[in-house]
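Trainee: Can you read through this structure? Questions will come right after.
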Amino acid sequence: MTLAIGVDVGGTKVAAGVVDEDGRIIAKLKRSTPAASPPQTEQAIADAVTELLAHHQVKGNRVEAIGLGAAGFVDSARATMLFAPNLAWRDEPLKQRVEERLGREVVVDNDANASAWAEARFGAARGYRDVMLVALGTGIGAAIIIDGKLYRGRWGMAGEPGHVRVVPDGRLCGCGNRGCWEQYCSGNALVAEAREFARRTPGGAIRLLQLGGGTPEGISGPVITQAATEGDPAALRCFQTVGGWLGQGLADLAAILDPACFVIGGGVSEAGDLLLDPARAAFERALTGRGHRPLAEIKVAQLGEDAGIVGAADLARESSEVIFRPRRRRRRRPDHPALDPKTRSYAARVWRTRPRTRPPRRTRRSPTPTSSPPWRRPGKPARRTARPRRPW
């Protein structure tokens with residue numbers, strides 16, 4: 001059994017696992033992400049991989065590839081983290097630094113690309129060839145699959161709609177701009193909406209404050225989901241707001257890419273229909289040409305938080321197979337027309353039946369041939385004549 005290791009590097013945690021060829025996770029672990037220090041983050045990645053390689057369920061099996069799914073802009077060579085809004089990576093040679101610590105080959109990709117690949121191969125988007133994943137976590141990650149292939153763009157930065165500005169001069173984003181989509185439609189946006197509502201109208205957020213320890217700062221994503229499951233109006237209002245932003249953004253993406261399926265992943269997607277029902281309604285209201293075009297399906301990711309691990313491992317396995325697969329000589333099938341003497345051309349027949357031995361090369365000292373052409377006189381050398389000059 002051949003295995004691969006996938007590492008999902010996010011803004012708050014490093015999750016790693018050993019994955020088999022069918023997308024099943026055999027061993028798994030988590031560590032916190034020291035986001036402020038790139039060297040410490042890289043060391044945390046290396047420690048997680050080293051611990052998995054020494055796991056008792058992995059010993060005796062060959063780990064053929066190691067893949068990293070990192071939150072940020074990965075260059076087209078899949079080696080350097082150009083920019084990460086929620087991490088301290090700026091032009092960081094992540095592939096080189098991790099390989100130096102591990103002493104093994106590593107494949108780097110965007111974390112949303114890894115999640116989308118896992119969902120397309122083993123999860124909710126299986127059977128679709130045109131898919132877009134939108135992962136709602138600390139921010140918004142996204143990935144595009146066109147005709148069954150990941151689309152990375154010319155510079156490797158495709159699939160970042162979370163930093164499309166939807167509110168001019170809106171909330172400050174970690175990328176430096178204001179009004180980005182992820183400031184209104186993400187896990188952080190959901191928590192910010194609930195805390196702001198609790199500060200503004202404490203009487204309407206009694207259940208949220210109870211679950212949060214009595215202060216708005218104690219309100220978190222799981223607290224909001226629990227209160228919404230219980231039917232709390234304030235929590236349901238927060239999901240209505242974030243779900244509306246999600247549906248409007250998906251409608252804009254459908255106008256550009258026209259995918260067959262949207263997969264919603266990330267931690268916020270665990271709320272299920274609490275998030276997707278308002279998102280689907282907003283999507284249908286905002287879609288261009290509504291009523292005259294098919295609607296893309298909006299599904300919850302099946303693999304959950306494991307999608308990044310599974311996708312990073314599978315992409316690394318695929319990359320290693322492409323690099324090390326031996327080239328096979330292409331052979332024509334027996335019924336190919338070129339092998340049939342009745343149908344192939346005269347030139348092909350002559351070429352196939354030509355003699356395999358070359359005639360001996362004549363050198364400058366080799367004797368002249370004994371037989372002379374009919375236009376030469378016997379015993380008299382051929383006279384050279386000048387080429388006639390053309391009048392032009």
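Ordering of the structure tokens sets the chain letters (A, B, ...), residue numbers begin anew at 1 in every chain, and ligands are numbered from 1 in the order given.
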Excluding Glu160 of chain A and any residue of its chain fewer than 6 positions from it, enumerate the residues within 12 Å of it, using only C-alpha atoms, and give them as a PyMOL selection string.

Mentor: chain A and resi 71-74+83-85+110-113+132-135+139-144+151-153+175+180-182+253

Trainee: Among segment 19-261 of chain A, which ones does DSSP place in strand (DSSP E or B), written as number ranges by chain?

Mentor: A: 19, 25-32, 62-70, 73-74, 81-83, 90-92, 107-110, 131-136, 140-146, 149-151, 165, 172, 178, 180, 261

Trainee: Which residues are near segment 193-203 of chain A? Cut-off 8 Å, only C-alpha atoms, ignore same chain within fewer than 6 positions. Put them as a PyMOL selection string.

Mentor: chain A and resi 209+216-217+219+224+234-235+238

Trainee: Can you tell me, as a list of chain:residue names, what residues are no more than 10 Å from Ala36 of chain A when counting only C-alpha atoms, ignoring any on the same chain fewer than 3 positions away?

Mentor: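 So the residues in contact are A:Gly11, A:Thr33, A:Pro39, A:Gln40, A:Thr41, A:Asn86, A:Leu87, A:Ala88, A:Trp89.
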
Trainee: With all heavy atoms retained, write the just-selected residues as a compact mmCIF listing (two decimals), in the first residue's frame.

Mentor:
# COMPACT_ATOMS: atom_id res chain seq x y z
N GLY A 11 -4.51 29.71 9.10
CA GLY A 11 -4.12 30.85 9.93
C GLY A 11 -4.04 30.53 11.40
O GLY A 11 -3.35 31.24 12.14
N THR A 33 -0.73 27.07 14.79
CA THR A 33 0.13 27.75 13.83
C THR A 33 0.76 28.99 14.46
O THR A 33 0.04 29.91 14.85
CB THR A 33 -0.68 28.18 12.59
OG1 THR A 33 -1.30 27.04 12.02
CG2 THR A 33 0.22 28.82 11.55
N PRO A 39 9.73 31.02 10.23
CA PRO A 39 10.55 29.86 10.58
C PRO A 39 9.86 28.91 11.56
O PRO A 39 9.97 27.68 11.43
CB PRO A 39 11.81 30.48 11.21
CG PRO A 39 11.88 31.86 10.64
CD PRO A 39 10.47 32.29 10.50
N GLN A 40 9.13 29.45 12.54
CA GLN A 40 8.44 28.57 13.48
C GLN A 40 7.29 27.82 12.80
O GLN A 40 7.02 26.66 13.12
CB GLN A 40 7.92 29.39 14.65
CG GLN A 40 9.02 29.95 15.55
CD GLN A 40 8.47 30.73 16.72
OE1 GLN A 40 7.27 30.67 17.01
NE2 GLN A 40 9.33 31.47 17.41
N THR A 41 6.62 28.48 11.87
CA THR A 41 5.57 27.79 11.12
C THR A 41 6.14 26.64 10.31
O THR A 41 5.58 25.54 10.27
CB THR A 41 4.84 28.78 10.20
OG1 THR A 41 4.33 29.87 10.97
CG2 THR A 41 3.71 28.11 9.45
N ASN A 86 -3.26 36.15 6.28
CA ASN A 86 -3.41 35.80 7.68
C ASN A 86 -2.18 35.14 8.28
O ASN A 86 -2.22 34.63 9.40
CB ASN A 86 -4.62 34.87 7.86
CG ASN A 86 -5.91 35.52 7.37
OD1 ASN A 86 -6.25 36.62 7.79
ND2 ASN A 86 -6.62 34.84 6.47
N LEU A 87 -1.08 35.13 7.54
CA LEU A 87 0.20 34.61 8.02
C LEU A 87 1.30 35.61 7.67
O LEU A 87 1.08 36.55 6.90
CB LEU A 87 0.50 33.24 7.39
CG LEU A 87 -0.41 32.08 7.82
CD1 LEU A 87 -0.24 30.90 6.88
CD2 LEU A 87 -0.12 31.67 9.24
N ALA A 88 2.49 35.39 8.21
CA ALA A 88 3.60 36.34 8.01
C ALA A 88 4.45 36.02 6.80
O ALA A 88 5.57 36.51 6.68
CB ALA A 88 4.48 36.38 9.27
N TRP A 89 3.95 35.21 5.87
CA TRP A 89 4.72 34.83 4.69
C TRP A 89 4.69 35.95 3.66
O TRP A 89 3.62 36.38 3.21
CB TRP A 89 4.16 33.56 4.08
CG TRP A 89 4.54 32.32 4.81
CD1 TRP A 89 5.68 32.11 5.50
CD2 TRP A 89 3.77 31.11 4.92
NE1 TRP A 89 5.69 30.85 6.03
CE2 TRP A 89 4.53 30.22 5.69
CE3 TRP A 89 2.53 30.72 4.44
CZ2 TRP A 89 4.09 28.93 6.00
CZ3 TRP A 89 2.08 29.44 4.74
CH2 TRP A 89 2.86 28.57 5.51

Trainee: Please identify all polymer residues within 12 Å of Arg97 of chain A, counting only C-alpha atoms, omitting same-chain residues fewer than 3 positions from it, and present them as an mmCIF file with C-alpha atoms, in the first residue's frame.

Mentor:
data_model
loop_
_atom_site.group_PDB
_atom_site.id
_atom_site.type_symbol
_atom_site.label_atom_id
_atom_site.label_comp_id
_atom_site.auth_asym_id
_atom_site.auth_seq_id
_atom_site.Cartn_x
_atom_site.Cartn_y
_atom_site.Cartn_z
ATOM 1 C CA PRO A 38 7.635 31.968 9.262
ATOM 2 C CA PRO A 39 10.550 29.857 10.584
ATOM 3 C CA GLN A 40 8.442 28.572 13.479
ATOM 4 C CA THR A 41 5.568 27.791 11.124
ATOM 5 C CA GLU A 42 7.914 25.829 8.856
ATOM 6 C CA GLN A 43 9.320 23.982 11.859
ATOM 7 C CA ALA A 44 5.806 23.095 12.993
ATOM 8 C CA ILE A 45 5.115 21.653 9.523
ATOM 9 C CA ALA A 46 8.339 19.610 9.592
ATOM 10 C CA ALA A 79 7.472 26.679 -4.508
ATOM 11 C CA THR A 80 7.191 30.191 -3.014
ATOM 12 C CA MET A 81 4.519 31.747 -0.824
ATOM 13 C CA GLU A 92 8.830 32.949 1.462
ATOM 14 C CA PRO A 93 10.547 29.959 -0.271
ATOM 15 C CA LEU A 94 8.355 27.498 1.593
ATOM 16 C CA GLU A 100 15.809 21.429 4.119
ATOM 17 C CA ARG A 101 14.224 20.418 7.421
ATOM 18 C CA LEU A 102 12.832 17.097 6.155
ATOM 19 C CA GLY A 103 15.407 16.032 3.594
ATOM 20 C CA ARG A 104 12.610 14.943 1.254
ATOM 21 C CA GLU A 105 10.769 16.273 -1.784
ATOM 22 C CA VAL A 106 7.703 18.411 -0.977
ATOM 23 C CA VAL A 108 3.308 23.029 -2.326
#
